[in-house]
Amino acid sequence: MVNTPTIRKVIATSRLLIQLNRNQISARRGVILSGASGTGKTTALTQLGRAHELAIRKRHPRDRNRLPVVYVTVPPAATPKMLAMEFARFFGLALPARVNVTDIVDAVCATAAHVHVDLVLVDELHNLNLATRSGAEASDQLKYFAERLPATFAYAGIDIESQGLFAGTRGRQIAGRFIVIPAAPFSHAATADRETWRALVGTLESMLRLHHHTPGTLTGLSEYIFHRTGGMIGSLSQLIRGAAVLAIEDESERISEELLALVPIDFAAEQSERLTAPTRPASRRRRAA
């Protein structure tokens with residue numbers, strides 16, 4: 001796991017809000033992590049949960065009944081009952097098939113209070129379609145959980161600002177209570193940006209366990225790797241891990257530019273490479289292929 005600037009900001013901001021919300025009865029503050037796909041939102045969210053849980057278990061080493069962090073994913077076309085059932089599944093609650101949403105919410109809130117939940121992570125927030133009645137009601141259900149549970153809520157989703165989450169009466173209330181942290185691709189424009197990217201590539205390279213790989217090879221290829229991945233942390237991880245697998249399979253145990261060129265990448269990264277990568281000689285491209 002690489003501790004990126006986004007992960008550091010999410011953890012620092014959220015842990016401060018947890019402290020501020022500890023004695024808050026209502027109108028608790030929260031965090032929304034918003035950005036394009038592949039920018040590490042889910043990773044940042046889960047790392048926040050991991051860091052908080054480790055801190056709480058260190059503070060209460062003998063309390064085995066404590067469950068400080070809840071993680072749920074908003075299902076597509078979510079309704080209030082579907083959303084409530086996601087919380088129930090996390091706790092492992094066995095509920096009747098025809099149980100109503102009120103009973104589910106009461107069971108979830110009682111369980112959360114019993115195990116001292118103080119951080120709730122909600123992923124895939126963009127699945128809430130506020131343009132539909134069920135989506136708006138599911139959003140209200142999430143807000144109701146936030147009012148009932150004495151916990152800090154952290155959300156993550158794709159381009160939340162453009163999804164209408166901050167529009168209307170509901171949106172204004174959310175905008176007044178949540179801090180939005182953008183998750184963006186890495187940049188390669190300024191010198192500081194390039195150094196940050198090189199450091200990230202170097203960190204991933206230091207984790208390789210290839211017998212014949214020369215340290216510093218990937219750092220030297222950081223500009224090429226940037227253009228291949230578009231600065232996306234997800235694409236970067238896929239590229240380097242894929243190259244490591246190929247290096248093991250062909251028994252070379254080293255990663256080169258030619259080997260990186262053989263690793264398939266996602267469509268978004270391919271599009272970015274066509275737009276930003278410098279033109280390369282045709283003969284060189286043929287050798288890489």
# chains A, B, ... in the order shown; residues from 1 in each chain; ligands from 1
$ residues_around --residues "Phe90 in chain A" --least-positions-apart "4" --cutoff "12 Å" --atoms "only C-alpha atoms" --output "JSON, numbers by chain"
{"A": [67, 69, 70, 71, 72, 73, 83, 84, 85, 86, 94, 108, 111, 112, 120, 121, 122]}
$ write_last_selection --atoms "N, CA, C and O atoms" --output "PDB file, in the first residue's frame"
ATOM      1  N   LEU A  67     -16.617  -2.566  17.624  1.00  0.00           N
ATOM      2  CA  LEU A  67     -16.495  -2.589  16.169  1.00  0.00           C
ATOM      3  C   LEU A  67     -16.590  -1.131  15.689  1.00  0.00           C
ATOM      4  O   LEU A  67     -17.662  -0.646  15.353  1.00  0.00           O
ATOM      5  N   VAL A  69     -15.653   0.634  13.039  1.00  0.00           N
ATOM      6  CA  VAL A  69     -15.800   1.075  11.649  1.00  0.00           C
ATOM      7  C   VAL A  69     -16.822   0.208  10.912  1.00  0.00           C
ATOM      8  O   VAL A  69     -16.781  -1.018  11.003  1.00  0.00           O
ATOM      9  N   VAL A  70     -17.705   0.848  10.187  1.00  0.00           N
ATOM     10  CA  VAL A  70     -18.661   0.171   9.307  1.00  0.00           C
ATOM     11  C   VAL A  70     -18.333   0.563   7.870  1.00  0.00           C
ATOM     12  O   VAL A  70     -18.071   1.736   7.588  1.00  0.00           O
ATOM     13  N   TYR A  71     -18.335  -0.430   6.966  1.00  0.00           N
ATOM     14  CA  TYR A  71     -18.106  -0.159   5.540  1.00  0.00           C
ATOM     15  C   TYR A  71     -19.244  -0.772   4.733  1.00  0.00           C
ATOM     16  O   TYR A  71     -19.492  -1.980   4.816  1.00  0.00           O
ATOM     17  N   VAL A  72     -19.934   0.057   3.955  1.00  0.00           N
ATOM     18  CA  VAL A  72     -21.005  -0.429   3.090  1.00  0.00           C
ATOM     19  C   VAL A  72     -20.853   0.197   1.707  1.00  0.00           C
ATOM     20  O   VAL A  72     -20.217   1.239   1.538  1.00  0.00           O
ATOM     21  N   THR A  73     -21.450  -0.463   0.726  1.00  0.00           N
ATOM     22  CA  THR A  73     -21.468   0.033  -0.650  1.00  0.00           C
ATOM     23  C   THR A  73     -22.908   0.304  -1.059  1.00  0.00           C
ATOM     24  O   THR A  73     -23.789  -0.526  -0.821  1.00  0.00           O
ATOM     25  N   LEU A  83     -30.613  -0.039   0.993  1.00  0.00           N
ATOM     26  CA  LEU A  83     -29.506   0.608   1.682  1.00  0.00           C
ATOM     27  C   LEU A  83     -29.428   0.147   3.133  1.00  0.00           C
ATOM     28  O   LEU A  83     -28.340  -0.153   3.652  1.00  0.00           O
ATOM     29  N   ALA A  84     -30.576   0.064   3.788  1.00  0.00           N
ATOM     30  CA  ALA A  84     -30.599  -0.397   5.177  1.00  0.00           C
ATOM     31  C   ALA A  84     -30.116  -1.838   5.286  1.00  0.00           C
ATOM     32  O   ALA A  84     -29.415  -2.208   6.241  1.00  0.00           O
ATOM     33  N   MET A  85     -30.461  -2.663   4.291  1.00  0.00           N
ATOM     34  CA  MET A  85     -30.021  -4.059   4.307  1.00  0.00           C
ATOM     35  C   MET A  85     -28.508  -4.180   4.153  1.00  0.00           C
ATOM     36  O   MET A  85     -27.905  -5.125   4.667  1.00  0.00           O
ATOM     37  N   GLU A  86     -27.877  -3.240   3.462  1.00  0.00           N
ATOM     38  CA  GLU A  86     -26.413  -3.259   3.346  1.00  0.00           C
ATOM     39  C   GLU A  86     -25.769  -3.094   4.718  1.00  0.00           C
ATOM     40  O   GLU A  86     -24.785  -3.770   5.043  1.00  0.00           O
ATOM     41  N   ALA A  94     -29.431 -11.424  11.090  1.00  0.00           N
ATOM     42  CA  ALA A  94     -30.365 -12.350  10.443  1.00  0.00           C
ATOM     43  C   ALA A  94     -31.774 -11.782  10.595  1.00  0.00           C
ATOM     44  O   ALA A  94     -32.340 -11.778  11.696  1.00  0.00           O
ATOM     45  N   VAL A 108     -30.219  -2.122  13.071  1.00  0.00           N
ATOM     46  CA  VAL A 108     -28.878  -1.631  12.722  1.00  0.00           C
ATOM     47  C   VAL A 108     -28.398  -0.611  13.750  1.00  0.00           C
ATOM     48  O   VAL A 108     -27.254  -0.674  14.219  1.00  0.00           O
ATOM     49  N   THR A 111     -27.523  -2.267  17.091  1.00  0.00           N
ATOM     50  CA  THR A 111     -26.262  -3.007  16.999  1.00  0.00           C
ATOM     51  C   THR A 111     -25.085  -2.053  16.950  1.00  0.00           C
ATOM     52  O   THR A 111     -24.056  -2.269  17.617  1.00  0.00           O
ATOM     53  N   ALA A 112     -25.200  -0.978  16.160  1.00  0.00           N
ATOM     54  CA  ALA A 112     -24.111  -0.009  16.050  1.00  0.00           C
ATOM     55  C   ALA A 112     -23.809   0.644  17.390  1.00  0.00           C
ATOM     56  O   ALA A 112     -22.635   0.867  17.740  1.00  0.00           O
ATOM     57  N   VAL A 120     -18.415   5.603   9.837  1.00  0.00           N
ATOM     58  CA  VAL A 120     -19.191   4.878   8.830  1.00  0.00           C
ATOM     59  C   VAL A 120     -18.658   5.260   7.452  1.00  0.00           C
ATOM     60  O   VAL A 120     -18.644   6.440   7.086  1.00  0.00           O
ATOM     61  N   LEU A 121     -18.217   4.262   6.687  1.00  0.00           N
ATOM     62  CA  LEU A 121     -17.688   4.473   5.340  1.00  0.00           C
ATOM     63  C   LEU A 121     -18.719   4.000   4.326  1.00  0.00           C
ATOM     64  O   LEU A 121     -19.162   2.855   4.374  1.00  0.00           O
ATOM     65  N   VAL A 122     -19.093   4.882   3.418  1.00  0.00           N
ATOM     66  CA  VAL A 122     -20.105   4.562   2.404  1.00  0.00           C
ATOM     67  C   VAL A 122     -19.475   4.765   1.032  1.00  0.00           C
ATOM     68  O   VAL A 122     -19.137   5.897   0.654  1.00  0.00           O
TER      69      VAL A 122
END
$ residues_around --residues "Ile233 in chain A" --least-positions-apart "2" --cutoff "9 Å" --atoms "only C-alpha atoms" --output "VMD selection string"
chain A and resid 38 to 40 185 to 186 229 to 231 235 to 238
$ write_last_selection --atoms "N, CA, C and O atoms" --output "CSV table (one decimal), in the first residue's frame"
chain,number,residue,atom,x,y,z
A,38,GLY,N,-10.6,5.2,-10.9
A,38,GLY,CA,-9.2,4.9,-11.0
A,38,GLY,C,-8.3,5.9,-10.2
A,38,GLY,O,-7.1,5.7,-10.4
A,39,THR,N,-8.8,6.8,-9.5
A,39,THR,CA,-8.0,7.8,-8.8
A,39,THR,C,-7.7,7.4,-7.3
A,39,THR,O,-7.2,8.1,-6.5
A,40,GLY,N,-8.2,6.2,-6.9
A,40,GLY,CA,-7.8,5.7,-5.6
A,40,GLY,C,-8.8,6.0,-4.5
A,40,GLY,O,-8.4,6.0,-3.3
A,185,PRO,N,-6.2,12.6,-10.9
A,185,PRO,CA,-5.0,12.0,-11.3
A,185,PRO,C,-3.7,12.8,-11.0
A,185,PRO,O,-3.8,14.0,-10.8
A,186,PHE,N,-2.6,12.1,-10.9
A,186,PHE,CA,-1.3,12.9,-10.7
A,186,PHE,C,-1.0,13.7,-11.9
A,186,PHE,O,-1.4,13.4,-13.0
A,229,THR,N,-0.1,5.6,-18.1
A,229,THR,CA,-1.2,5.5,-17.1
A,229,THR,C,-2.1,6.7,-17.0
A,229,THR,O,-3.1,6.6,-16.3
A,230,GLY,N,-1.7,7.8,-17.6
A,230,GLY,CA,-2.4,9.1,-17.4
A,230,GLY,C,-2.4,9.6,-16.0
A,230,GLY,O,-3.2,10.4,-15.6
A,231,GLY,N,-1.4,9.2,-15.2
A,231,GLY,CA,-1.3,9.6,-13.8
A,231,GLY,C,-2.3,9.0,-12.9
A,231,GLY,O,-2.5,9.4,-11.7
A,235,SER,N,-4.3,2.6,-12.6
A,235,SER,CA,-3.6,2.1,-13.8
A,235,SER,C,-2.1,1.9,-13.5
A,235,SER,O,-1.6,0.9,-14.1
A,236,LEU,N,-1.5,2.7,-12.7
A,236,LEU,CA,-0.1,2.5,-12.4
A,236,LEU,C,0.1,1.2,-11.7
A,236,LEU,O,1.0,0.5,-12.0
A,237,SER,N,-0.8,0.9,-10.7
A,237,SER,CA,-0.6,-0.3,-10.0
A,237,SER,C,-0.8,-1.5,-10.9
A,237,SER,O,0.0,-2.5,-10.8
A,238,GLN,N,-1.8,-1.4,-11.8
A,238,GLN,CA,-2.0,-2.5,-12.8
A,238,GLN,C,-0.8,-2.7,-13.7
A,238,GLN,O,-0.4,-3.9,-13.9
$ select_by_dssp --residues "range 96-258 of chain A" --states "helix (DSSP H, G or I)" --output "PyMOL selection string"
chain A and resi 101-114+125-127+133-148+160-163+168-177+191-206+217-220+222-229+233-249+257-258
$ closest_residue --among "A:Val74, A:Leu260, A:Gly242, A:Glu223" --to "Ala189 in chain A" --atoms "only C-alpha atoms"
A:Glu223
$ select_by_dssp --residues "range 28-221 of chain A" --states "strand (DSSP E or B)" --output "PDB file with N, CA, C and O atoms, in the first residue's frame"
ATOM      1  N   GLY A  30     -18.937  15.649   8.009  1.00  0.00           N
ATOM      2  CA  GLY A  30     -18.426  14.455   7.356  1.00  0.00           C
ATOM      3  C   GLY A  30     -17.534  14.802   6.185  1.00  0.00           C
ATOM      4  O   GLY A  30     -17.238  15.960   5.906  1.00  0.00           O
ATOM      5  N   VAL A  31     -17.111  13.757   5.471  1.00  0.00           N
ATOM      6  CA  VAL A  31     -16.177  13.895   4.351  1.00  0.00           C
ATOM      7  C   VAL A  31     -16.763  13.212   3.117  1.00  0.00           C
ATOM      8  O   VAL A  31     -17.360  12.135   3.228  1.00  0.00           O
ATOM      9  N   ILE A  32     -16.598  13.840   1.969  1.00  0.00           N
ATOM     10  CA  ILE A  32     -16.957  13.228   0.688  1.00  0.00           C
ATOM     11  C   ILE A  32     -15.711  13.207  -0.177  1.00  0.00           C
ATOM     12  O   ILE A  32     -15.109  14.257  -0.445  1.00  0.00           O
ATOM     13  N   LEU A  33     -15.312  12.024  -0.600  1.00  0.00           N
ATOM     14  CA  LEU A  33     -14.173  11.853  -1.490  1.00  0.00           C
ATOM     15  C   LEU A  33     -14.713  11.691  -2.901  1.00  0.00           C
ATOM     16  O   LEU A  33     -15.418  10.716  -3.191  1.00  0.00           O
ATOM     17  N   SER A  34     -14.405  12.647  -3.773  1.00  0.00           N
ATOM     18  CA  SER A  34     -14.997  12.681  -5.105  1.00  0.00           C
ATOM     19  C   SER A  34     -13.912  12.765  -6.170  1.00  0.00           C
ATOM     20  O   SER A  34     -12.929  13.491  -6.020  1.00  0.00           O
ATOM     21  N   GLY A  35     -14.103  12.010  -7.254  1.00  0.00           N
ATOM     22  CA  GLY A  35     -13.139  12.062  -8.345  1.00  0.00           C
ATOM     23  C   GLY A  35     -13.471  11.049  -9.415  1.00  0.00           C
ATOM     24  O   GLY A  35     -14.449  10.309  -9.317  1.00  0.00           O
ATOM     25  N   VAL A  69     -15.653   0.634  13.039  1.00  0.00           N
ATOM     26  CA  VAL A  69     -15.800   1.075  11.649  1.00  0.00           C
ATOM     27  C   VAL A  69     -16.822   0.208  10.912  1.00  0.00           C
ATOM     28  O   VAL A  69     -16.781  -1.018  11.003  1.00  0.00           O
ATOM     29  N   VAL A  70     -17.705   0.848  10.187  1.00  0.00           N
ATOM     30  CA  VAL A  70     -18.661   0.171   9.307  1.00  0.00           C
ATOM     31  C   VAL A  70     -18.333   0.563   7.870  1.00  0.00           C
ATOM     32  O   VAL A  70     -18.071   1.736   7.588  1.00  0.00           O
ATOM     33  N   TYR A  71     -18.335  -0.430   6.966  1.00  0.00           N
ATOM     34  CA  TYR A  71     -18.106  -0.159   5.540  1.00  0.00           C
ATOM     35  C   TYR A  71     -19.244  -0.772   4.733  1.00  0.00           C
ATOM     36  O   TYR A  71     -19.492  -1.980   4.816  1.00  0.00           O
ATOM     37  N   VAL A  72     -19.934   0.057   3.955  1.00  0.00           N
ATOM     38  CA  VAL A  72     -21.005  -0.429   3.090  1.00  0.00           C
ATOM     39  C   VAL A  72     -20.853   0.197   1.707  1.00  0.00           C
ATOM     40  O   VAL A  72     -20.217   1.239   1.538  1.00  0.00           O
ATOM     41  N   THR A  73     -21.450  -0.463   0.726  1.00  0.00           N
ATOM     42  CA  THR A  73     -21.468   0.033  -0.650  1.00  0.00           C
ATOM     43  C   THR A  73     -22.908   0.304  -1.059  1.00  0.00           C
ATOM     44  O   THR A  73     -23.789  -0.526  -0.821  1.00  0.00           O
ATOM     45  N   LEU A 119     -17.290   5.469  13.094  1.00  0.00           N
ATOM     46  CA  LEU A 119     -16.916   5.856  11.733  1.00  0.00           C
ATOM     47  C   LEU A 119     -17.681   4.969  10.755  1.00  0.00           C
ATOM     48  O   LEU A 119     -17.607   3.745  10.828  1.00  0.00           O
ATOM     49  N   VAL A 120     -18.415   5.603   9.837  1.00  0.00           N
ATOM     50  CA  VAL A 120     -19.191   4.878   8.830  1.00  0.00           C
ATOM     51  C   VAL A 120     -18.658   5.260   7.452  1.00  0.00           C
ATOM     52  O   VAL A 120     -18.644   6.440   7.086  1.00  0.00           O
ATOM     53  N   LEU A 121     -18.217   4.262   6.687  1.00  0.00           N
ATOM     54  CA  LEU A 121     -17.688   4.473   5.340  1.00  0.00           C
ATOM     55  C   LEU A 121     -18.719   4.000   4.326  1.00  0.00           C
ATOM     56  O   LEU A 121     -19.162   2.855   4.374  1.00  0.00           O
ATOM     57  N   VAL A 122     -19.093   4.882   3.418  1.00  0.00           N
ATOM     58  CA  VAL A 122     -20.105   4.562   2.404  1.00  0.00           C
ATOM     59  C   VAL A 122     -19.475   4.765   1.032  1.00  0.00           C
ATOM     60  O   VAL A 122     -19.137   5.897   0.654  1.00  0.00           O
ATOM     61  N   ASP A 123     -19.314   3.683   0.286  1.00  0.00           N
ATOM     62  CA  ASP A 123     -18.678   3.737  -1.028  1.00  0.00           C
ATOM     63  C   ASP A 123     -19.724   3.708  -2.146  1.00  0.00           C
ATOM     64  O   ASP A 123     -20.884   3.356  -1.912  1.00  0.00           O
ATOM     65  N   THR A 152     -19.054   9.548  12.608  1.00  0.00           N
ATOM     66  CA  THR A 152     -18.647  10.392  11.485  1.00  0.00           C
ATOM     67  C   THR A 152     -18.836   9.597  10.195  1.00  0.00           C
ATOM     68  O   THR A 152     -18.427   8.446  10.103  1.00  0.00           O
ATOM     69  N   PHE A 153     -19.460  10.218   9.192  1.00  0.00           N
ATOM     70  CA  PHE A 153     -19.712   9.555   7.925  1.00  0.00           C
ATOM     71  C   PHE A 153     -18.714  10.041   6.877  1.00  0.00           C
ATOM     72  O   PHE A 153     -18.488  11.246   6.733  1.00  0.00           O
ATOM     73  N   ALA A 154     -18.128   9.087   6.145  1.00  0.00           N
ATOM     74  CA  ALA A 154     -17.218   9.398   5.046  1.00  0.00           C
ATOM     75  C   ALA A 154     -17.733   8.700   3.791  1.00  0.00           C
ATOM     76  O   ALA A 154     -17.938   7.483   3.794  1.00  0.00           O
ATOM     77  N   TYR A 155     -17.959   9.480   2.739  1.00  0.00           N
ATOM     78  CA  TYR A 155     -18.498   8.953   1.488  1.00  0.00           C
ATOM     79  C   TYR A 155     -17.432   8.990   0.396  1.00  0.00           C
ATOM     80  O   TYR A 155     -16.511   9.803   0.434  1.00  0.00           O
ATOM     81  N   ALA A 156     -17.596   8.124  -0.605  1.00  0.00           N
ATOM     82  CA  ALA A 156     -16.742   8.161  -1.785  1.00  0.00           C
ATOM     83  C   ALA A 156     -17.592   7.842  -3.003  1.00  0.00           C
ATOM     84  O   ALA A 156     -18.466   6.970  -2.955  1.00  0.00           O
ATOM     85  N   GLY A 157     -17.336   8.552  -4.112  1.00  0.00           N
ATOM     86  CA  GLY A 157     -18.088   8.304  -5.333  1.00  0.00           C
ATOM     87  C   GLY A 157     -17.469   9.023  -6.510  1.00  0.00           C
ATOM     88  O   GLY A 157     -16.569   9.862  -6.344  1.00  0.00           O
ATOM     89  N   ILE A 158     -17.954   8.698  -7.692  1.00  0.00           N
ATOM     90  CA  ILE A 158     -17.420   9.271  -8.927  1.00  0.00           C
ATOM     91  C   ILE A 158     -18.072  10.620  -9.206  1.00  0.00           C
ATOM     92  O   ILE A 158     -19.298  10.708  -9.342  1.00  0.00           O
ATOM     93  N   PHE A 178     -20.585  18.733   4.844  1.00  0.00           N
ATOM     94  CA  PHE A 178     -19.539  17.828   4.379  1.00  0.00           C
ATOM     95  C   PHE A 178     -18.390  18.578   3.719  1.00  0.00           C
ATOM     96  O   PHE A 178     -18.594  19.557   3.001  1.00  0.00           O
ATOM     97  N   ILE A 179     -17.200  18.088   3.983  1.00  0.00           N
ATOM     98  CA  ILE A 179     -15.994  18.583   3.335  1.00  0.00           C
ATOM     99  C   ILE A 179     -15.726  17.697   2.120  1.00  0.00           C
ATOM    100  O   ILE A 179     -15.702  16.473   2.237  1.00  0.00           O
ATOM    101  N   VAL A 180     -15.546  18.301   0.961  1.00  0.00           N
ATOM    102  CA  VAL A 180     -15.273  17.541  -0.263  1.00  0.00           C
ATOM    103  C   VAL A 180     -13.770  17.517  -0.516  1.00  0.00           C
ATOM    104  O   VAL A 180     -13.122  18.562  -0.587  1.00  0.00           O
ATOM    105  N   ILE A 181     -13.225  16.316  -0.627  1.00  0.00           N
ATOM    106  CA  ILE A 181     -11.806  16.141  -0.936  1.00  0.00           C
ATOM    107  C   ILE A 181     -11.707  15.563  -2.347  1.00  0.00           C
ATOM    108  O   ILE A 181     -12.190  14.453  -2.594  1.00  0.00           O
ATOM    109  N   PRO A 182     -11.110  16.298  -3.282  1.00  0.00           N
ATOM    110  CA  PRO A 182     -11.023  15.776  -4.655  1.00  0.00           C
ATOM    111  C   PRO A 182      -9.953  14.702  -4.783  1.00  0.00           C
ATOM    112  O   PRO A 182      -8.873  14.804  -4.191  1.00  0.00           O
ATOM    113  N   ALA A 183     -10.269  13.668  -5.541  1.00  0.00           N
ATOM    114  CA  ALA A 183      -9.300  12.624  -5.874  1.00  0.00           C
ATOM    115  C   ALA A 183      -9.016  12.746  -7.370  1.00  0.00           C
ATOM    116  O   ALA A 183      -9.861  12.385  -8.191  1.00  0.00           O
TER     117      ALA A 183
END
$ residues_around --residues "Ala77 in chain A" --least-positions-apart "6" --cutoff "8 Å" --atoms "only C-alpha atoms" --output "PyMOL selection string"
chain A and resi 127-129+134-135
$ write_last_selection --atoms "C-alpha atoms" --output "compact mmCIF listing (two decimals), in the first residue's frame"
# COMPACT_ATOMS: atom_id res chain seq x y z
CA ASN A 127 -25.29 5.04 -7.30
CA LEU A 128 -27.76 7.32 -5.51
CA ASN A 129 -29.87 8.82 -8.29
CA SER A 134 -36.40 6.01 -4.73
CA GLY A 135 -32.96 7.62 -5.03
$ atom_distance --atom1 "CA of Ile265 in chain A" --atom2 "CA of Gly234 in chain A"
10.0 Å
$ residues_around --residues "range 209-217 of chain A" --least-positions-apart "3" --cutoff "10 Å" --atoms "only C-alpha atoms" --output "JSON, numbers by chain"
{"A": [201, 202, 205, 206, 220, 221, 222, 244, 245, 247, 248, 251, 252, 253, 254, 255, 256, 257]}
$ write_last_selection --atoms "all heavy atoms" --output "short mmCIF file (atom, residue, chain, number, x, y, z; two decimals), in the first residue's frame"
data_model
loop_
_atom_site.label_atom_id
_atom_site.label_comp_id
_atom_site.auth_asym_id
_atom_site.auth_seq_id
_atom_site.Cartn_x
_atom_site.Cartn_y
_atom_site.Cartn_z
N VAL A 201 6.47 6.19 -8.07
CA VAL A 201 6.97 5.05 -8.86
C VAL A 201 8.10 4.36 -8.11
O VAL A 201 8.18 3.12 -8.07
CB VAL A 201 7.43 5.53 -10.25
CG1 VAL A 201 8.12 4.39 -11.01
CG2 VAL A 201 6.26 6.06 -11.06
N GLY A 202 8.98 5.16 -7.49
CA GLY A 202 10.08 4.57 -6.73
C GLY A 202 9.61 3.75 -5.56
O GLY A 202 10.19 2.70 -5.24
N GLU A 205 8.41 0.52 -6.92
CA GLU A 205 9.55 -0.28 -7.36
C GLU A 205 10.27 -0.92 -6.18
O GLU A 205 10.74 -2.06 -6.26
CB GLU A 205 10.52 0.59 -8.15
CG GLU A 205 11.69 -0.19 -8.75
CD GLU A 205 12.56 0.66 -9.65
OE1 GLU A 205 12.60 1.89 -9.43
OE2 GLU A 205 13.20 0.11 -10.55
N SER A 206 10.33 -0.21 -5.05
CA SER A 206 11.02 -0.74 -3.88
C SER A 206 10.31 -1.96 -3.30
O SER A 206 10.90 -2.72 -2.53
CB SER A 206 11.14 0.33 -2.80
OG SER A 206 9.87 0.66 -2.25
N GLY A 220 13.63 5.73 -13.55
CA GLY A 220 14.14 6.33 -14.78
C GLY A 220 13.12 6.35 -15.89
O GLY A 220 13.23 7.16 -16.82
N LEU A 221 12.14 5.46 -15.83
CA LEU A 221 11.08 5.40 -16.83
C LEU A 221 9.80 6.10 -16.36
O LEU A 221 8.73 5.87 -16.91
CB LEU A 221 10.75 3.94 -17.16
CG LEU A 221 11.84 3.12 -17.83
CD1 LEU A 221 11.44 1.65 -17.87
CD2 LEU A 221 12.13 3.64 -19.23
N SER A 222 9.91 6.94 -15.34
CA SER A 222 8.70 7.52 -14.73
C SER A 222 7.89 8.36 -15.71
O SER A 222 6.65 8.36 -15.66
CB SER A 222 9.08 8.37 -13.51
OG SER A 222 9.92 9.45 -13.89
N ALA A 244 5.41 -7.23 -13.39
CA ALA A 244 6.09 -8.14 -12.47
C ALA A 244 5.65 -9.59 -12.71
O ALA A 244 6.48 -10.51 -12.68
CB ALA A 244 5.79 -7.73 -11.02
N VAL A 245 4.36 -9.79 -12.98
CA VAL A 245 3.88 -11.14 -13.27
C VAL A 245 4.53 -11.68 -14.54
O VAL A 245 4.99 -12.83 -14.59
CB VAL A 245 2.34 -11.14 -13.42
CG1 VAL A 245 1.85 -12.48 -13.95
CG2 VAL A 245 1.69 -10.84 -12.07
N ALA A 247 7.39 -10.77 -15.80
CA ALA A 247 8.82 -10.99 -15.53
C ALA A 247 9.05 -12.31 -14.81
O ALA A 247 10.07 -12.98 -15.03
CB ALA A 247 9.38 -9.83 -14.70
N ILE A 248 8.11 -12.71 -13.98
CA ILE A 248 8.23 -14.00 -13.28
C ILE A 248 7.94 -15.14 -14.25
O ILE A 248 8.65 -16.15 -14.27
CB ILE A 248 7.27 -14.04 -12.08
CG1 ILE A 248 7.70 -13.03 -11.02
CG2 ILE A 248 7.20 -15.44 -11.48
CD1 ILE A 248 6.69 -12.82 -9.91
N GLU A 251 10.71 -15.72 -16.61
CA GLU A 251 11.92 -16.02 -15.83
C GLU A 251 13.03 -14.99 -16.01
O GLU A 251 14.18 -15.24 -15.61
CB GLU A 251 12.45 -17.42 -16.18
CG GLU A 251 11.45 -18.52 -15.87
CD GLU A 251 12.01 -19.90 -16.14
OE1 GLU A 251 13.12 -20.00 -16.70
OE2 GLU A 251 11.34 -20.89 -15.79
N SER A 252 12.71 -13.82 -16.57
CA SER A 252 13.73 -12.78 -16.65
C SER A 252 13.95 -12.11 -15.30
O SER A 252 15.04 -11.62 -15.01
CB SER A 252 13.32 -11.73 -17.69
OG SER A 252 12.15 -11.05 -17.28
N GLU A 253 12.87 -12.05 -14.47
CA GLU A 253 12.93 -11.48 -13.12
C GLU A 253 13.37 -10.02 -13.13
O GLU A 253 13.98 -9.53 -12.18
CB GLU A 253 13.86 -12.30 -12.22
CG GLU A 253 13.35 -13.70 -11.91
CD GLU A 253 12.24 -13.70 -10.88
OE1 GLU A 253 12.15 -12.74 -10.09
OE2 GLU A 253 11.46 -14.67 -10.86
N ARG A 254 13.06 -9.30 -14.23
CA ARG A 254 13.36 -7.87 -14.29
C ARG A 254 12.31 -7.19 -15.15
O ARG A 254 11.72 -7.81 -16.04
CB ARG A 254 14.76 -7.61 -14.85
CG ARG A 254 14.94 -8.05 -16.29
CD ARG A 254 16.24 -7.49 -16.86
NE ARG A 254 17.39 -7.95 -16.13
CZ ARG A 254 18.06 -9.07 -16.40
NH1 ARG A 254 17.66 -9.84 -17.40
NH2 ARG A 254 19.11 -9.41 -15.70
N ILE A 255 12.07 -5.89 -14.87
CA ILE A 255 11.10 -5.11 -15.64
C ILE A 255 11.85 -4.10 -16.50
O ILE A 255 12.70 -3.37 -16.00
CB ILE A 255 10.11 -4.39 -14.71
CG1 ILE A 255 9.27 -5.40 -13.91
CG2 ILE A 255 9.17 -3.50 -15.51
CD1 ILE A 255 8.30 -4.76 -12.94
N SER A 256 11.51 -4.08 -17.78
CA SER A 256 12.10 -3.12 -18.72
C SER A 256 10.97 -2.37 -19.42
O SER A 256 9.78 -2.70 -19.27
CB SER A 256 12.96 -3.85 -19.75
OG SER A 256 12.15 -4.75 -20.50
N GLU A 257 11.32 -1.36 -20.21
CA GLU A 257 10.31 -0.63 -20.97
C GLU A 257 9.60 -1.55 -21.96
O GLU A 257 8.39 -1.44 -22.17
CB GLU A 257 10.95 0.55 -21.70
CG GLU A 257 9.93 1.40 -22.45
CD GLU A 257 10.55 2.63 -23.09
OE1 GLU A 257 11.72 2.94 -22.78
OE2 GLU A 257 9.87 3.29 -23.90
#
